[in-house]
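*Asks:* Input structure: query_34.txt, which contains compact mmCIF, C-alpha atoms.
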```txt
# COMPACT_ATOMS: atom_id res chain seq x y z
CA MET A 1 103.44 36.23 74.71
CA THR A 2 102.24 32.68 74.68
CA CYS A 3 103.40 29.46 73.11
CA TYR A 4 101.01 26.53 73.18
CA PRO A 5 101.96 22.85 73.08
CA ALA A 6 101.17 20.78 70.01
CA GLY A 7 97.62 19.51 70.17
CA THR A 8 96.21 22.64 71.76
CA ILE A 9 92.87 23.36 70.09
CA ALA A 10 92.46 26.83 68.59
CA VAL A 11 88.87 27.95 68.01
CA ILE A 12 88.98 30.77 65.45
CA PHE A 13 85.84 32.92 65.38
CA VAL A 14 85.68 35.60 62.68
CA ALA A 15 82.53 37.69 63.00
CA GLN A 16 80.97 40.85 61.66
CA ARG A 17 79.01 42.84 64.24
CA THR A 18 75.77 44.53 63.34
CA ALA A 19 75.23 48.08 64.61
CA GLN A 20 72.56 46.77 67.02
CA ASP A 21 72.62 46.58 70.81
CA GLY A 22 76.19 47.65 71.59
CA ALA A 23 75.63 47.66 75.34
CA GLY A 24 74.09 44.18 75.40
CA TYR A 25 76.85 42.82 73.22
CA ALA A 26 79.64 44.32 75.34
CA GLU A 27 78.13 42.86 78.50
CA ALA A 28 77.77 39.41 76.94
CA ALA A 29 81.30 39.47 75.50
CA GLU A 30 82.75 40.26 78.90
CA GLU A 31 80.64 37.58 80.55
CA MET A 32 81.79 34.97 77.98
CA ILE A 33 85.46 35.79 78.54
CA GLN A 34 85.04 35.49 82.30
CA LEU A 35 83.12 32.24 81.98
CA ALA A 36 85.53 30.70 79.45
CA GLN A 37 88.41 31.32 81.83
CA GLN A 38 86.69 29.20 84.46
CA GLN A 39 86.23 26.17 82.19
CA PRO A 40 88.39 23.04 82.47
CA GLY A 41 91.08 23.02 79.81
CA TYR A 42 90.95 26.75 79.09
CA CYS A 43 94.41 27.91 77.91
CA GLY A 44 93.94 31.47 76.70
CA ILE A 45 92.14 33.89 74.40
CA ASP A 46 93.08 36.56 71.84
CA SER A 47 90.41 38.97 70.70
CA VAL A 48 90.45 42.00 68.42
CA ARG A 49 87.68 44.06 66.82
CA ASP A 50 88.21 46.92 64.41
CA ALA A 51 86.30 50.16 63.91
CA ASN A 52 84.14 48.56 61.20
CA GLY A 53 82.91 45.87 63.57
CA LEU A 54 84.92 42.99 62.10
CA GLY A 55 86.35 40.86 64.89
CA ILE A 56 88.56 37.83 65.32
CA THR A 57 88.56 35.91 68.60
CA VAL A 58 90.76 32.86 69.04
CA SER A 59 90.26 30.77 72.17
CA TYR A 60 92.72 28.01 73.04
CA TRP A 61 91.82 24.74 74.73
CA ALA A 62 93.88 21.88 76.11
CA ASP A 63 92.08 19.33 73.94
CA ASP A 64 88.98 18.80 71.85
CA THR A 65 86.99 17.56 74.84
CA ALA A 66 87.54 20.92 76.54
CA ALA A 67 86.67 22.85 73.37
CA LYS A 68 83.46 20.87 72.90
CA ALA A 69 82.48 21.24 76.56
CA TRP A 70 82.73 25.01 76.12
CA ARG A 71 80.71 24.82 72.91
CA ASP A 72 78.02 22.92 74.80
CA HIS A 73 77.97 25.12 77.93
CA PRO A 74 74.31 26.17 78.38
CA ARG A 75 75.11 29.83 78.97
CA HIS A 76 77.42 29.91 75.94
CA ARG A 77 74.65 28.36 73.84
CA ALA A 78 72.17 31.01 74.98
CA ILE A 79 74.59 33.80 74.16
CA ARG A 80 75.26 32.30 70.73
CA ASP A 81 71.54 32.35 70.02
CA ALA A 82 71.44 36.04 70.98
CA GLY A 83 74.45 36.61 68.70
CA ARG A 84 72.63 35.17 65.69
CA ASP A 85 69.48 37.04 66.63
CA ARG A 86 70.95 40.54 66.86
CA TRP A 87 74.74 40.94 67.22
CA TYR A 88 76.22 39.33 64.11
CA SER A 89 75.50 39.60 60.41
CA HIS A 90 77.82 36.71 59.53
CA TYR A 91 80.61 34.62 61.00
CA ASP A 92 83.07 31.84 60.29
CA LEU A 93 84.22 29.35 62.91
CA HIS A 94 87.25 27.12 62.45
CA VAL A 95 88.44 24.54 64.97
CA ALA A 96 92.09 23.62 64.48
CA ALA A 97 94.74 21.59 66.31
CA THR A 98 98.01 23.43 66.93
CA GLU A 99 101.07 21.85 65.34
CA ARG A 100 103.70 24.43 66.28
CA SER A 101 103.73 27.70 68.18
CA TYR A 102 106.20 30.55 68.59
CA ASP A 103 106.39 33.84 70.36
CA TRP A 104 108.69 36.83 70.14
CA GLU A 105 109.16 39.98 72.14
CA LYS A 106 111.34 42.93 71.29
CA ALA A 107 114.44 43.20 73.47
CA GLN A 108 114.15 46.31 75.63
CA MET B 1 81.69 33.43 54.62
CA THR B 2 84.12 30.58 54.21
CA CYS B 3 84.28 26.99 55.32
CA TYR B 4 87.58 25.20 54.92
CA PRO B 5 88.06 21.44 54.50
CA ALA B 6 89.66 19.42 57.30
CA GLY B 7 93.42 19.59 57.05
CA THR B 8 93.51 23.23 55.93
CA ILE B 9 96.39 24.89 57.77
CA ALA B 10 95.52 28.04 59.73
CA VAL B 11 98.45 30.31 60.55
CA ILE B 12 97.38 32.53 63.46
CA PHE B 13 99.48 35.66 63.89
CA VAL B 14 98.71 37.83 66.93
CA ALA B 15 100.86 40.96 66.96
CA GLN B 16 101.14 44.27 68.76
CA ARG B 17 102.16 47.16 66.52
CA THR B 18 104.56 49.80 67.71
CA ALA B 19 103.73 53.44 66.95
CA GLN B 20 106.61 53.55 64.45
CA ASP B 21 106.52 53.85 60.67
CA GLY B 22 102.80 53.63 59.96
CA ALA B 23 103.22 54.34 56.25
CA GLY B 24 105.93 51.72 55.77
CA TYR B 25 103.92 49.15 57.68
CA ALA B 26 100.73 49.78 55.69
CA GLU B 27 102.59 49.41 52.42
CA ALA B 28 104.26 46.17 53.51
CA ALA B 29 101.00 44.73 54.85
CA GLU B 30 99.26 45.37 51.54
CA GLU B 31 102.19 43.89 49.61
CA MET B 32 102.15 40.75 51.78
CA ILE B 33 98.42 40.21 51.25
CA GLN B 34 98.82 40.57 47.49
CA LEU B 35 101.84 38.28 47.43
CA ALA B 36 100.24 35.63 49.67
CA GLN B 37 97.25 35.44 47.32
CA GLN B 38 99.57 34.47 44.47
CA GLN B 39 101.19 31.56 46.33
CA PRO B 40 100.33 27.93 45.58
CA GLY B 41 97.92 26.54 48.16
CA TYR B 42 96.68 29.93 49.35
CA CYS B 43 93.08 29.56 50.59
CA GLY B 44 92.22 32.85 52.28
CA ILE B 45 93.04 35.41 54.92
CA ASP B 46 91.23 37.17 57.77
CA SER B 47 92.86 40.23 59.31
CA VAL B 48 91.74 42.70 61.98
CA ARG B 49 93.60 45.39 63.89
CA ASP B 50 92.10 47.49 66.65
CA ALA B 51 92.65 51.11 67.63
CA ASN B 52 95.33 50.10 70.16
CA GLY B 53 97.43 48.40 67.47
CA LEU B 54 96.69 44.82 68.50
CA GLY B 55 96.07 42.70 65.41
CA ILE B 56 95.13 39.15 64.53
CA THR B 57 95.77 37.83 61.04
CA VAL B 58 94.84 34.27 60.13
CA SER B 59 96.00 32.95 56.77
CA TYR B 60 94.71 29.63 55.48
CA TRP B 61 96.74 27.17 53.38
CA ALA B 62 95.84 23.96 51.56
CA ASP B 63 98.50 22.00 53.42
CA ASP B 64 101.63 22.38 55.51
CA THR B 65 103.88 22.39 52.43
CA ALA B 66 102.09 25.51 51.19
CA ALA B 67 102.26 27.18 54.61
CA LYS B 68 105.99 26.49 54.89
CA ALA B 69 106.67 27.69 51.35
CA TRP B 70 105.03 31.00 52.27
CA ARG B 71 107.06 31.15 55.49
CA ASP B 72 110.23 30.64 53.43
CA HIS B 73 109.37 33.09 50.63
CA PRO B 74 112.36 35.48 50.41
CA ARG B 75 110.23 38.62 50.30
CA HIS B 76 108.15 37.44 53.24
CA ARG B 77 111.36 36.76 55.20
CA ALA B 78 112.65 40.27 54.49
CA ILE B 79 109.37 41.84 55.60
CA ARG B 80 109.39 39.75 58.78
CA ASP B 81 112.84 41.09 59.60
CA ALA B 82 111.55 44.63 59.13
CA GLY B 83 108.61 43.74 61.38
CA ARG B 84 110.89 42.69 64.21
CA ASP B 85 113.09 45.71 63.63
CA ARG B 86 110.42 48.40 63.83
CA TRP B 87 106.76 47.41 63.42
CA TYR B 88 106.06 44.97 66.25
CA SER B 89 106.72 44.99 69.96
CA HIS B 90 105.66 41.34 70.38
CA TYR B 91 103.83 38.60 68.59
CA ASP B 92 102.61 35.03 68.86
CA LEU B 93 102.38 32.65 65.91
CA HIS B 94 100.41 29.42 65.99
CA VAL B 95 100.19 26.94 63.12
CA ALA B 96 97.16 24.68 63.38
CA ALA B 97 95.40 22.07 61.24
CA THR B 98 91.68 22.62 60.78
CA GLU B 99 89.47 19.83 62.08
CA ARG B 100 86.04 21.36 61.42
CA SER B 101 84.75 24.58 59.98
CA TYR B 102 81.39 26.36 59.87
CA ASP B 103 79.94 29.54 58.52
CA TRP B 104 76.72 31.40 59.09
CA GLU B 105 75.04 34.39 57.53
CA LYS B 106 71.94 36.17 58.73
CA ALA B 107 68.89 35.56 56.55
CA GLN B 108 67.96 38.81 54.81
```
Rewrite the structure of this file - the entire thing - as structure tokens.
*Replies:*
Amino acid sequence: MTCYPAGTIAVIFVAQRTAQDGAGYAEAAEEMIQLAQQQPGYCGIDSVRDANGLGITVSYWADDTAAKAWRDHPRHRAIRDAGRDRWYSHYDLHVAATERSYDWEKAQ
Amino acid sequence: MTCYPAGTIAVIFVAQRTAQDGAGYAEAAEEMIQLAQQQPGYCGIDSVRDANGLGITVSYWADDTAAKAWRDHPRHRAIRDAGRDRWYSHYDLHVAATERSYDWEKAQ
């Protein structure tokens, strides 16, 4: 349940996992979430992966400077290299500036 | 494997399914994907749901006019009402304008 202000940067990562190295991937994914949360300008993350290994992760950043700083974080770079080496068969990445944002929760 | 031009509108829908009416939901979801693809300005869709019922769907539109026309489509409105009535316990919706976009595929 999260609304973001206009201008929040959404980084949309759509990626197909290979069948390789599940344990290594899980460890790295957890590390990246923990590390992202410590970065300046981190606003939130949504992440889902289905049984076929297709995943969408959206991370939200206060501004483009924060999003780029995360992109350039040395540990994040190293993990991305590992991702291309063995964890992903393909991915798309879209960086987008939020214009409007809504949330809804069912009344109990 | 899709790059979108700057200005493409990404509509990010993060939603938790209830356990209710799986058959009705599946039918409506398929209908919405088919219908979206026929709308002017439709560019693409990525959709993933995990075993716990958390899903992320991102639809991509040529511009905000196209995204709003889809939002206002009468059939889409009716299905959204059904979603709030029985399919979802909560959701977030973020509308964002793409600034940059990349794709990558593993060399065979």
*Asks:* If the cut-off is 10 Å, can you tell me the residues of chain B near chain A, counting only C-alpha atoms? I'd like them as an MDAnalysis selection string.
*Replies:* chainID B and resid 1:16 46:58 64 84:86 88:108
*Asks:* Produce a file of the selected residues containing C-alpha atoms, as a short mmCIF file (atom, residue, chain, number, x, y, z; two decimals), in the frame of the given file.
*Replies:*
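So part_20.cif came out as:
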```cif
data_model
loop_
_atom_site.label_atom_id
_atom_site.label_comp_id
_atom_site.auth_asym_id
_atom_site.auth_seq_id
_atom_site.Cartn_x
_atom_site.Cartn_y
_atom_site.Cartn_z
CA MET B 1 81.69 33.43 54.62
CA THR B 2 84.12 30.58 54.21
CA CYS B 3 84.28 26.99 55.32
CA TYR B 4 87.58 25.20 54.92
CA PRO B 5 88.06 21.44 54.50
CA ALA B 6 89.66 19.42 57.30
CA GLY B 7 93.42 19.59 57.05
CA THR B 8 93.51 23.23 55.93
CA ILE B 9 96.39 24.89 57.77
CA ALA B 10 95.52 28.04 59.73
CA VAL B 11 98.45 30.31 60.55
CA ILE B 12 97.38 32.53 63.46
CA PHE B 13 99.48 35.66 63.89
CA VAL B 14 98.71 37.83 66.93
CA ALA B 15 100.86 40.96 66.96
CA GLN B 16 101.14 44.27 68.76
CA ASP B 46 91.23 37.17 57.77
CA SER B 47 92.86 40.23 59.31
CA VAL B 48 91.74 42.70 61.98
CA ARG B 49 93.60 45.39 63.89
CA ASP B 50 92.10 47.49 66.65
CA ALA B 51 92.65 51.11 67.63
CA ASN B 52 95.33 50.10 70.16
CA GLY B 53 97.43 48.40 67.47
CA LEU B 54 96.69 44.82 68.50
CA GLY B 55 96.07 42.70 65.41
CA ILE B 56 95.13 39.15 64.53
CA THR B 57 95.77 37.83 61.04
CA VAL B 58 94.84 34.27 60.13
CA ASP B 64 101.63 22.38 55.51
CA ARG B 84 110.89 42.69 64.21
CA ASP B 85 113.09 45.71 63.63
CA ARG B 86 110.42 48.40 63.83
CA TYR B 88 106.06 44.97 66.25
CA SER B 89 106.72 44.99 69.96
CA HIS B 90 105.66 41.34 70.38
CA TYR B 91 103.83 38.60 68.59
CA ASP B 92 102.61 35.03 68.86
CA LEU B 93 102.38 32.65 65.91
CA HIS B 94 100.41 29.42 65.99
CA VAL B 95 100.19 26.94 63.12
CA ALA B 96 97.16 24.68 63.38
CA ALA B 97 95.40 22.07 61.24
CA THR B 98 91.68 22.62 60.78
CA GLU B 99 89.47 19.83 62.08
CA ARG B 100 86.04 21.36 61.42
CA SER B 101 84.75 24.58 59.98
CA TYR B 102 81.39 26.36 59.87
CA ASP B 103 79.94 29.54 58.52
CA TRP B 104 76.72 31.40 59.09
CA GLU B 105 75.04 34.39 57.53
CA LYS B 106 71.94 36.17 58.73
CA ALA B 107 68.89 35.56 56.55
CA GLN B 108 67.96 38.81 54.81
#
```
*Asks:* Calculated over only C-alpha atoms, which of the candidates A:Ser59, A:Arg71, A:Tyr42, A:Ala29 has the smallest distance to A:Arg17?
*Replies:*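 Among the listed residues, A:Ala29 lies closest to A:Arg17.
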*Asks:* So what do you get for atom CA of A:Ala67 versus atom CA of A:Asp21, distance-wise?
*Replies:* 27.7 Å
*Asks:* Calculate how many Å separate atom CA of A:Gln37 from atom CA of B:Tyr60, rounding to one decimal.
*Replies:*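 Computing the Euclidean distance for atom CA of A:Gln37 and atom CA of B:Tyr60 yields 27.1 Å.
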*Asks:* Just give me the gap between atom CA of A:Ile45 and atom CA of A:Asp81 in Å, one decimal is fine.
*Replies:* 21.1 Å
*Asks:* To test the calculation: enclose all listed atoms of stretch 33-36 of chain B in a box whose edges run along x, y and z, add 4 Å on each side, then state centre and edge lengths in Å to one decimal, as lines of an AutoDock Vina configuration file.
*Replies:*
```
center_x = 100.1
center_y = 38.1
center_z = 49.3
size_x = 11.4
size_y = 12.9
size_z = 11.8
```
*Asks:* Reconstruct all heavy atoms of stretch 19-30 of chain A; output as a PDB file, in the frame of the given file.
*Replies:*
```
ATOM      1  N   ALA A  19      75.182  46.831  63.827  1.00  0.00           N
ATOM      2  CA  ALA A  19      75.230  48.080  64.610  1.00  0.00           C
ATOM      3  C   ALA A  19      74.280  48.016  65.810  1.00  0.00           C
ATOM      4  O   ALA A  19      74.186  48.958  66.588  1.00  0.00           O
ATOM      5  CB  ALA A  19      74.861  49.253  63.714  1.00  0.00           C
ATOM      6  N   GLN A  20      73.592  46.881  65.979  1.00  0.00           N
ATOM      7  CA  GLN A  20      72.560  46.770  67.020  1.00  0.00           C
ATOM      8  C   GLN A  20      73.143  46.504  68.408  1.00  0.00           C
ATOM      9  O   GLN A  20      74.117  45.766  68.537  1.00  0.00           O
ATOM     10  CB  GLN A  20      71.649  45.571  66.707  1.00  0.00           C
ATOM     11  CG  GLN A  20      70.653  45.777  65.585  1.00  0.00           C
ATOM     12  CD  GLN A  20      69.799  44.506  65.442  1.00  0.00           C
ATOM     13  OE1 GLN A  20      70.125  43.614  64.681  1.00  0.00           O
ATOM     14  NE2 GLN A  20      68.699  44.460  66.199  1.00  0.00           N
ATOM     15  N   ASP A  21      72.505  47.038  69.423  1.00  0.00           N
ATOM     16  CA  ASP A  21      72.620  46.580  70.810  1.00  0.00           C
ATOM     17  C   ASP A  21      74.067  46.506  71.304  1.00  0.00           C
ATOM     18  O   ASP A  21      74.514  45.494  71.838  1.00  0.00           O
ATOM     19  CB  ASP A  21      71.946  45.195  70.929  1.00  0.00           C
ATOM     20  CG  ASP A  21      71.864  44.716  72.385  1.00  0.00           C
ATOM     21  OD1 ASP A  21      71.815  45.579  73.300  1.00  0.00           O
ATOM     22  OD2 ASP A  21      71.875  43.501  72.587  1.00  0.00           O
ATOM     23  N   GLY A  22      74.795  47.615  71.147  1.00  0.00           N
ATOM     24  CA  GLY A  22      76.190  47.650  71.590  1.00  0.00           C
ATOM     25  C   GLY A  22      76.367  47.334  73.053  1.00  0.00           C
ATOM     26  O   GLY A  22      77.284  46.591  73.439  1.00  0.00           O
ATOM     27  N   ALA A  23      75.486  47.864  73.895  1.00  0.00           N
ATOM     28  CA  ALA A  23      75.630  47.660  75.340  1.00  0.00           C
ATOM     29  C   ALA A  23      75.407  46.191  75.697  1.00  0.00           C
ATOM     30  O   ALA A  23      76.164  45.603  76.475  1.00  0.00           O
ATOM     31  CB  ALA A  23      74.652  48.550  76.098  1.00  0.00           C
ATOM     32  N   GLY A  24      74.379  45.592  75.120  1.00  0.00           N
ATOM     33  CA  GLY A  24      74.090  44.180  75.400  1.00  0.00           C
ATOM     34  C   GLY A  24      75.215  43.284  74.924  1.00  0.00           C
ATOM     35  O   GLY A  24      75.608  42.329  75.604  1.00  0.00           O
ATOM     36  N   TYR A  25      75.745  43.610  73.751  1.00  0.00           N
ATOM     37  CA  TYR A  25      76.850  42.820  73.220  1.00  0.00           C
ATOM     38  C   TYR A  25      78.079  42.913  74.123  1.00  0.00           C
ATOM     39  O   TYR A  25      78.710  41.899  74.444  1.00  0.00           O
ATOM     40  CB  TYR A  25      77.220  43.272  71.801  1.00  0.00           C
ATOM     41  CG  TYR A  25      78.498  42.632  71.346  1.00  0.00           C
ATOM     42  CD1 TYR A  25      78.515  41.302  70.943  1.00  0.00           C
ATOM     43  CD2 TYR A  25      79.702  43.330  71.387  1.00  0.00           C
ATOM     44  CE1 TYR A  25      79.696  40.686  70.581  1.00  0.00           C
ATOM     45  CE2 TYR A  25      80.887  42.714  71.024  1.00  0.00           C
ATOM     46  CZ  TYR A  25      80.880  41.398  70.621  1.00  0.00           C
ATOM     47  OH  TYR A  25      82.050  40.796  70.279  1.00  0.00           O
ATOM     48  N   ALA A  26      78.435  44.123  74.521  1.00  0.00           N
ATOM     49  CA  ALA A  26      79.640  44.320  75.340  1.00  0.00           C
ATOM     50  C   ALA A  26      79.535  43.547  76.656  1.00  0.00           C
ATOM     51  O   ALA A  26      80.500  42.918  77.112  1.00  0.00           O
ATOM     52  CB  ALA A  26      79.851  45.811  75.615  1.00  0.00           C
ATOM     53  N   GLU A  27      78.341  43.581  77.240  1.00  0.00           N
ATOM     54  CA  GLU A  27      78.130  42.860  78.500  1.00  0.00           C
ATOM     55  C   GLU A  27      78.278  41.352  78.292  1.00  0.00           C
ATOM     56  O   GLU A  27      78.927  40.657  79.081  1.00  0.00           O
ATOM     57  CB  GLU A  27      76.718  43.197  79.021  1.00  0.00           C
ATOM     58  CG  GLU A  27      76.426  42.678  80.416  1.00  0.00           C
ATOM     59  CD  GLU A  27      75.028  43.106  80.885  1.00  0.00           C
ATOM     60  OE1 GLU A  27      74.557  44.184  80.461  1.00  0.00           O
ATOM     61  OE2 GLU A  27      74.422  42.347  81.666  1.00  0.00           O
ATOM     62  N   ALA A  28      77.699  40.850  77.212  1.00  0.00           N
ATOM     63  CA  ALA A  28      77.770  39.410  76.940  1.00  0.00           C
ATOM     64  C   ALA A  28      79.204  38.988  76.617  1.00  0.00           C
ATOM     65  O   ALA A  28      79.658  37.918  77.061  1.00  0.00           O
ATOM     66  CB  ALA A  28      76.851  39.061  75.776  1.00  0.00           C
ATOM     67  N   ALA A  29      79.924  39.810  75.863  1.00  0.00           N
ATOM     68  CA  ALA A  29      81.300  39.470  75.500  1.00  0.00           C
ATOM     69  C   ALA A  29      82.160  39.351  76.751  1.00  0.00           C
ATOM     70  O   ALA A  29      82.952  38.412  76.900  1.00  0.00           O
ATOM     71  CB  ALA A  29      81.867  40.526  74.543  1.00  0.00           C
ATOM     72  N   GLU A  30      81.996  40.292  77.652  1.00  0.00           N
ATOM     73  CA  GLU A  30      82.750  40.260  78.900  1.00  0.00           C
ATOM     74  C   GLU A  30      82.381  39.030  79.734  1.00  0.00           C
ATOM     75  O   GLU A  30      83.247  38.340  80.272  1.00  0.00           O
ATOM     76  CB  GLU A  30      82.487  41.558  79.688  1.00  0.00           C
ATOM     77  CG  GLU A  30      83.203  41.642  81.018  1.00  0.00           C
ATOM     78  CD  GLU A  30      84.725  41.564  80.904  1.00  0.00           C
ATOM     79  OE1 GLU A  30      85.256  41.928  79.836  1.00  0.00           O
ATOM     80  OE2 GLU A  30      85.364  41.098  81.867  1.00  0.00           O
TER      81      GLU A  30
END
```
